[in-house]
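Containing PDB, C-alpha atoms: protein_7.pdb.
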```
MODEL        1
ATOM      1  CA  MET A   1       0.000   0.000   0.000
ATOM      2  CA  THR A   2       1.386   3.370  -0.977
ATOM      3  CA  HIS A   3       1.275   6.441   1.214
ATOM      4  CA  PRO A   4      -1.543   8.890   0.326
ATOM      5  CA  ALA A   5       1.065  11.677  -0.043
ATOM      6  CA  LEU A   6       2.052   9.973  -3.303
ATOM      7  CA  ASP A   7      -1.376  10.811  -4.730
ATOM      8  CA  LEU A   8      -0.965  14.539  -4.177
ATOM      9  CA  ASN A   9      -0.584  16.286  -7.512
ATOM     10  CA  ASP A  10       2.191  18.894  -7.603
ATOM     11  CA  THR A  11       0.404  20.928 -10.293
ATOM     12  CA  VAL A  12      -2.564  21.633  -8.032
ATOM     13  CA  HIS A  13      -1.105  21.007  -4.563
ATOM     14  CA  GLN A  14       0.953  24.209  -4.393
ATOM     15  CA  ARG A  15      -0.644  26.522  -1.801
ATOM     16  CA  VAL A  16      -1.704  29.369  -4.112
ATOM     17  CA  ARG A  17      -2.961  27.004  -6.816
ATOM     18  CA  LEU A  18      -4.977  24.998  -4.321
ATOM     19  CA  GLY A  19      -6.470  28.277  -3.093
ATOM     20  CA  ILE A  20      -7.383  29.368  -6.638
ATOM     21  CA  LEU A  21      -9.072  26.047  -7.417
ATOM     22  CA  ALA A  22     -10.886  26.076  -4.058
ATOM     23  CA  VAL A  23     -12.302  29.551  -4.698
ATOM     24  CA  LEU A  24     -13.315  28.547  -8.238
ATOM     25  CA  GLU A  25     -15.046  25.448  -6.881
ATOM     26  CA  GLU A  26     -17.283  27.731  -4.824
ATOM     27  CA  ALA A  27     -17.619  30.618  -7.255
ATOM     28  CA  LYS A  28     -17.622  28.728 -10.579
ATOM     29  CA  ARG A  29     -16.273  31.906 -12.216
ATOM     30  CA  ALA A  30     -14.292  34.588 -10.432
ATOM     31  CA  GLU A  31     -12.990  37.959 -11.457
ATOM     32  CA  PHE A  32      -9.191  38.268 -11.317
ATOM     33  CA  LYS A  33      -9.406  41.057  -8.750
ATOM     34  CA  TYR A  34     -11.767  39.010  -6.565
ATOM     35  CA  LEU A  35      -9.332  36.062  -6.544
ATOM     36  CA  ARG A  36      -6.454  38.397  -5.769
ATOM     37  CA  GLU A  37      -8.259  39.795  -2.735
ATOM     38  CA  ALA A  38      -9.722  36.512  -1.517
ATOM     39  CA  LEU A  39      -6.251  34.959  -1.504
ATOM     40  CA  ASP A  40      -4.319  38.089  -0.498
ATOM     41  CA  LEU A  41      -1.947  37.911  -3.470
ATOM     42  CA  SER A  42      -0.090  40.408  -5.603
ATOM     43  CA  ASP A  43      -1.080  40.778  -9.263
ATOM     44  CA  GLY A  44       2.196  39.180 -10.336
ATOM     45  CA  ASN A  45       1.913  36.199  -8.040
ATOM     46  CA  LEU A  46      -1.696  35.473  -9.002
ATOM     47  CA  SER A  47      -0.926  35.927 -12.734
ATOM     48  CA  ARG A  48       1.951  33.500 -12.543
ATOM     49  CA  HIS A  49      -0.105  30.785 -10.895
ATOM     50  CA  VAL A  50      -3.166  31.330 -13.105
ATOM     51  CA  GLN A  51      -0.855  31.011 -16.099
ATOM     52  CA  GLY A  52       0.596  27.766 -14.729
ATOM     53  CA  LEU A  53      -2.882  26.342 -14.234
ATOM     54  CA  GLU A  54      -3.945  27.579 -17.682
ATOM     55  CA  GLU A  55      -0.951  25.901 -19.329
ATOM     56  CA  ALA A  56      -1.893  22.669 -17.564
ATOM     57  CA  GLY A  57      -5.445  23.035 -18.958
ATOM     58  CA  LEU A  58      -6.982  23.356 -15.485
ATOM     59  CA  VAL A  59      -8.407  26.890 -15.651
ATOM     60  CA  ARG A  60      -9.334  29.280 -18.403
ATOM     61  CA  GLY A  61      -9.336  33.064 -18.535
ATOM     62  CA  GLU A  62     -11.964  35.097 -20.338
ATOM     63  CA  LYS A  63     -11.451  38.757 -21.087
ATOM     64  CA  GLY A  64     -14.377  41.134 -21.306
ATOM     65  CA  PHE A  65     -15.798  44.393 -20.062
ATOM     66  CA  GLU A  66     -17.948  45.390 -17.144
ATOM     67  CA  GLY A  67     -19.272  48.737 -18.356
ATOM     68  CA  ARG A  68     -16.133  50.337 -19.746
ATOM     69  CA  ARG A  69     -13.737  48.510 -17.438
ATOM     70  CA  PRO A  70     -11.720  45.612 -18.757
ATOM     71  CA  ARG A  71     -12.149  42.484 -16.669
ATOM     72  CA  THR A  72     -10.691  39.006 -16.629
ATOM     73  CA  TRP A  73     -12.830  36.141 -15.382
ATOM     74  CA  ILE A  74     -11.218  32.881 -14.393
ATOM     75  CA  SER A  75     -13.023  29.559 -14.264
ATOM     76  CA  SER A  76     -12.033  25.919 -13.798
ATOM     77  CA  THR A  77     -12.137  23.608 -16.776
ATOM     78  CA  PRO A  78     -13.660  20.120 -16.386
ATOM     79  CA  ALA A  79     -10.069  18.794 -16.108
ATOM     80  CA  GLY A  80      -9.416  21.383 -13.398
ATOM     81  CA  ARG A  81     -12.431  20.276 -11.400
ATOM     82  CA  ARG A  82     -11.398  16.643 -11.741
ATOM     83  CA  ALA A  83      -7.812  17.419 -10.644
ATOM     84  CA  PHE A  84      -9.100  19.380  -7.663
ATOM     85  CA  GLU A  85     -11.438  16.537  -6.653
ATOM     86  CA  GLN A  86      -8.552  14.052  -6.905
ATOM     87  CA  GLU A  87      -6.376  16.313  -4.778
ATOM     88  CA  LEU A  88      -9.111  16.618  -2.135
ATOM     89  CA  LYS A  89      -9.462  12.847  -2.153
ATOM     90  CA  ALA A  90      -5.711  12.430  -1.546
ATOM     91  CA  LEU A  91      -5.776  15.061   1.218
ATOM     92  CA  ARG A  92      -8.727  13.353   2.910
ATOM     93  CA  ALA A  93      -6.897  10.016   2.732
ATOM     94  CA  LEU A  94      -3.761  11.575   4.243
ATOM     95  CA  ILE A  95      -5.758  13.203   7.048
ATOM     96  CA  SER A  96      -7.723  10.066   7.884
ATOM     97  CA  ARG A  97      -4.531   8.001   7.907
ATOM     98  CA  VAL A  98      -2.997  10.419  10.410
ATOM     99  CA  ASP A  99      -6.221  10.477  12.467
ATOM    100  CA  GLY A 100      -6.275   6.686  12.526
ATOM    101  CA  SER A 101      -2.711   6.319  13.771
TER     102      SER A 101
ATOM    103  CA  MET B 102     -12.875  36.307   6.870
ATOM    104  CA  THR B 103      -9.773  35.082   5.115
ATOM    105  CA  HIS B 104      -9.665  32.031   2.920
ATOM    106  CA  PRO B 105      -8.282  28.902   4.669
ATOM    107  CA  ALA B 106      -5.659  28.553   1.894
ATOM    108  CA  LEU B 107      -3.922  31.539   3.520
ATOM    109  CA  ASP B 108      -3.255  29.405   6.597
ATOM    110  CA  LEU B 109      -1.368  26.758   4.663
ATOM    111  CA  ASN B 110       2.304  26.899   5.553
ATOM    112  CA  ASP B 111       4.655  26.682   2.563
ATOM    113  CA  THR B 112       7.430  25.122   4.648
ATOM    114  CA  VAL B 113       5.341  22.050   5.436
ATOM    115  CA  HIS B 114       2.719  22.128   2.669
ATOM    116  CA  GLN B 115       5.029  20.971  -0.131
ATOM    117  CA  ARG B 116       3.990  17.434  -1.138
ATOM    118  CA  VAL B 117       7.156  15.566  -0.091
ATOM    119  CA  ARG B 118       7.483  17.501   3.171
ATOM    120  CA  LEU B 119       3.862  16.874   4.063
ATOM    121  CA  GLY B 120       4.475  13.186   3.380
ATOM    122  CA  ILE B 121       7.580  13.111   5.608
ATOM    123  CA  LEU B 122       5.763  14.787   8.495
ATOM    124  CA  ALA B 123       2.741  12.491   8.051
ATOM    125  CA  VAL B 124       4.920   9.370   8.232
ATOM    126  CA  LEU B 125       6.743  10.768  11.276
ATOM    127  CA  GLU B 126       3.415  11.503  12.960
ATOM    128  CA  GLU B 127       2.613   7.785  12.740
ATOM    129  CA  ALA B 128       6.071   6.361  13.290
ATOM    130  CA  LYS B 129       7.502   8.907  15.763
ATOM    131  CA  ARG B 130      10.986   8.004  14.480
ATOM    132  CA  ALA B 131      11.735   6.605  11.061
ATOM    133  CA  GLU B 132      14.863   5.311   9.414
ATOM    134  CA  PHE B 133      15.947   7.285   6.336
ATOM    135  CA  LYS B 134      15.584   4.227   4.126
ATOM    136  CA  TYR B 135      12.086   3.526   5.462
ATOM    137  CA  LEU B 136      10.966   7.084   4.653
ATOM    138  CA  ARG B 137      12.516   6.821   1.216
ATOM    139  CA  GLU B 138      10.556   3.664   0.434
ATOM    140  CA  ALA B 139       7.292   4.741   2.065
ATOM    141  CA  LEU B 140       7.274   7.908  -0.035
ATOM    142  CA  ASP B 141       8.880   6.429  -3.154
ATOM    143  CA  LEU B 142      11.667   9.019  -3.299
ATOM    144  CA  SER B 143      15.260   9.085  -4.463
ATOM    145  CA  ASP B 144      18.000   9.538  -1.846
ATOM    146  CA  GLY B 145      18.730  13.017  -3.190
ATOM    147  CA  ASN B 146      15.143  14.175  -3.152
ATOM    148  CA  LEU B 147      14.499  12.893   0.374
ATOM    149  CA  SER B 148      17.805  14.361   1.650
ATOM    150  CA  ARG B 149      16.984  17.761   0.220
ATOM    151  CA  HIS B 150      13.580  17.916   1.873
ATOM    152  CA  VAL B 151      14.781  16.489   5.186
ATOM    153  CA  GLN B 152      17.469  19.161   5.162
ATOM    154  CA  GLY B 153      14.895  21.887   4.468
ATOM    155  CA  LEU B 154      12.756  20.675   7.363
ATOM    156  CA  GLU B 155      15.825  20.378   9.590
ATOM    157  CA  GLU B 156      16.885  23.958   8.811
ATOM    158  CA  ALA B 157      13.371  25.105   9.725
ATOM    159  CA  GLY B 158      13.709  23.234  13.047
ATOM    160  CA  LEU B 159      10.854  20.842  12.224
ATOM    161  CA  VAL B 160      12.694  17.516  12.131
ATOM    162  CA  ARG B 161      15.962  16.209  13.478
ATOM    163  CA  GLY B 162      18.305  13.527  12.210
ATOM    164  CA  GLU B 163      20.208  11.139  14.446
ATOM    165  CA  LYS B 164      23.065   9.076  13.146
ATOM    166  CA  GLY B 165      23.877   5.697  14.635
ATOM    167  CA  PHE B 166      24.476   2.054  13.886
ATOM    168  CA  GLU B 167      22.291  -0.986  13.580
ATOM    169  CA  GLY B 168      24.835  -3.738  14.062
ATOM    170  CA  ARG B 169      27.653  -2.539  11.851
ATOM    171  CA  ARG B 170      25.476  -0.647   9.429
ATOM    172  CA  PRO B 171      25.288   3.140   9.637
ATOM    173  CA  ARG B 172      21.735   4.387   9.972
ATOM    174  CA  THR B 173      20.023   7.757  10.085
ATOM    175  CA  TRP B 174      16.797   8.112  12.057
ATOM    176  CA  ILE B 175      14.552  11.085  11.462
ATOM    177  CA  SER B 176      12.014  12.371  13.950
ATOM    178  CA  SER B 177       9.753  15.409  14.253
ATOM    179  CA  THR B 178      10.632  18.084  16.768
ATOM    180  CA  PRO B 179       7.859  19.561  18.953
ATOM    181  CA  ALA B 180       7.809  22.548  16.538
ATOM    182  CA  GLY B 181       7.448  20.094  13.646
ATOM    183  CA  ARG B 182       4.487  18.386  15.264
ATOM    184  CA  ARG B 183       2.856  21.754  15.938
ATOM    185  CA  ALA B 184       3.437  22.936  12.354
ATOM    186  CA  PHE B 185       1.995  19.687  11.022
ATOM    187  CA  GLU B 186      -1.084  20.005  13.264
ATOM    188  CA  GLN B 187      -1.596  23.595  12.083
ATOM    189  CA  GLU B 188      -1.293  22.491   8.475
ATOM    190  CA  LEU B 189      -3.852  19.704   8.992
ATOM    191  CA  LYS B 190      -6.167  22.216  10.633
ATOM    192  CA  ALA B 191      -5.868  24.529   7.597
ATOM    193  CA  LEU B 192      -6.438  21.611   5.207
ATOM    194  CA  ARG B 193      -9.517  20.489   7.144
ATOM    195  CA  ALA B 194     -10.870  24.054   7.032
ATOM    196  CA  LEU B 195     -10.257  24.242   3.272
ATOM    197  CA  ILE B 196     -11.978  20.895   2.696
ATOM    198  CA  SER B 197     -14.991  21.700   4.853
ATOM    199  CA  ARG B 198     -15.368  25.074   3.150
ATOM    200  CA  VAL B 199     -15.450  23.340  -0.235
ATOM    201  CA  ASP B 200     -17.824  20.664   1.086
ATOM    202  CA  GLY B 201     -20.142  23.339   2.444
ATOM    203  CA  SER B 202     -20.330  25.271  -0.817
TER     204      SER B 202
ENDMDL
END
```

Would you give me this structure, written as structure tokens?
Amino acid sequence: MTHPALDLNDTVHQRVRLGILAVLEEAKRAEFKYLREALDLSDGNLSRHVQGLEEAGLVRGEKGFEGRRPRTWISSTPAGRRAFEQELKALRALISRVDGS
Amino acid sequence: MTHPALDLNDTVHQRVRLGILAVLEEAKRAEFKYLREALDLSDGNLSRHVQGLEEAGLVRGEKGFEGRRPRTWISSTPAGRRAFEQELKALRALISRVDGS
């Protein structure tokens, strides 16, 4: 039997990325600025991690306008939701293994 | 209210480090080779992360012999156990927030 830590997925496990996917799980679609404030990040830090998740096919960005203001909305892709669910499953397994010991 | 992802601690959250601390929570003290096999790591990868945790004061290594064979045992320090508990608390909060949404 392998340790549940082996099932953690580096692409989504990183703290900021896990936060982004968790917010998107609740919000379905979030404005860039909302994510930045919810996770207390700088523009640069959030951009970098959104880009990483986008390159992995786990989130997508959509540019548009709200009135005259340019906005970027971020949402999870189906692959992103699956990866997040798998990560939660691995975290639950790790926690229950520790609780059982 | 801040998002629970903000309470994740980068020093212990990293996948391999979380795995090391989880094994040490069960085993109290583990031989280097045991950790390496339990977490399916290379010597170099495990050494690097043990060293990172050691520098942060979260684990300690103890060198000794088993018969004639040199061995290294790794154990969590009290600060390591506290940091791991805090991390689990943050992970539980993140999971229950997602479950509640």

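Here CA of Leu35 in chain A stands at a distance of 21.8 Å from CA of Glu188 in chain B.
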
Query - Atom pair CA of Gln14 in chain A / CA of Ala106 in chain B: separation (Å) - result: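 Distance reported for this atom pair: 10.1 Å.
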
Query - Interface list for chain A, partner chain B, 10 Å threshold, only C-alpha atoms, as a ChimeraX atom specification - result: /A:1-10,13-27,37-41,88-89,91-92,94-95,97-101

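This file, filtered with the PyMOL selection byres ((chain A and resi 75) around 6), gives the residues Lys28, Arg29, Val59, Arg60, Ile74 and Ser76 of chain A.
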
Query raised in the report: Within 9 Å of Lys134 in chain B, counting only C-alpha atoms, which residues qualify if same-chain residues fewer than 3 places away don't, as an MDAnalysis selection string?
Result: chainID B and resid 131 137:139 144 172:174

Which centre and which edge lengths, in Å to one decimal, describe the axis-aligned box that holds all listed atoms of range 172-176 of chain B after 4 Å is added on each side, as AutoDock Vina command-line options?
```
--center_x 16.9 --center_y 8.4 --center_z 12.0 --size_x 17.7 --size_y 16.0 --size_z 12.0
```

Report task. Name the residues captured by the PyMOL selection byres ((chain B and resi 181) around 8) when it is applied to the shown file; answer as a ChimeraX atom specification. Result -> /B:122,158-160,177-180,182-185

Query raised in the report: Between CA of Pro70 in chain A and CA of Ser42 in chain A, what is the spacing in Å?
Result: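 Computed distance, CA of Ser42 in chain A to CA of Pro70 in chain A, equals 18.3 Å.
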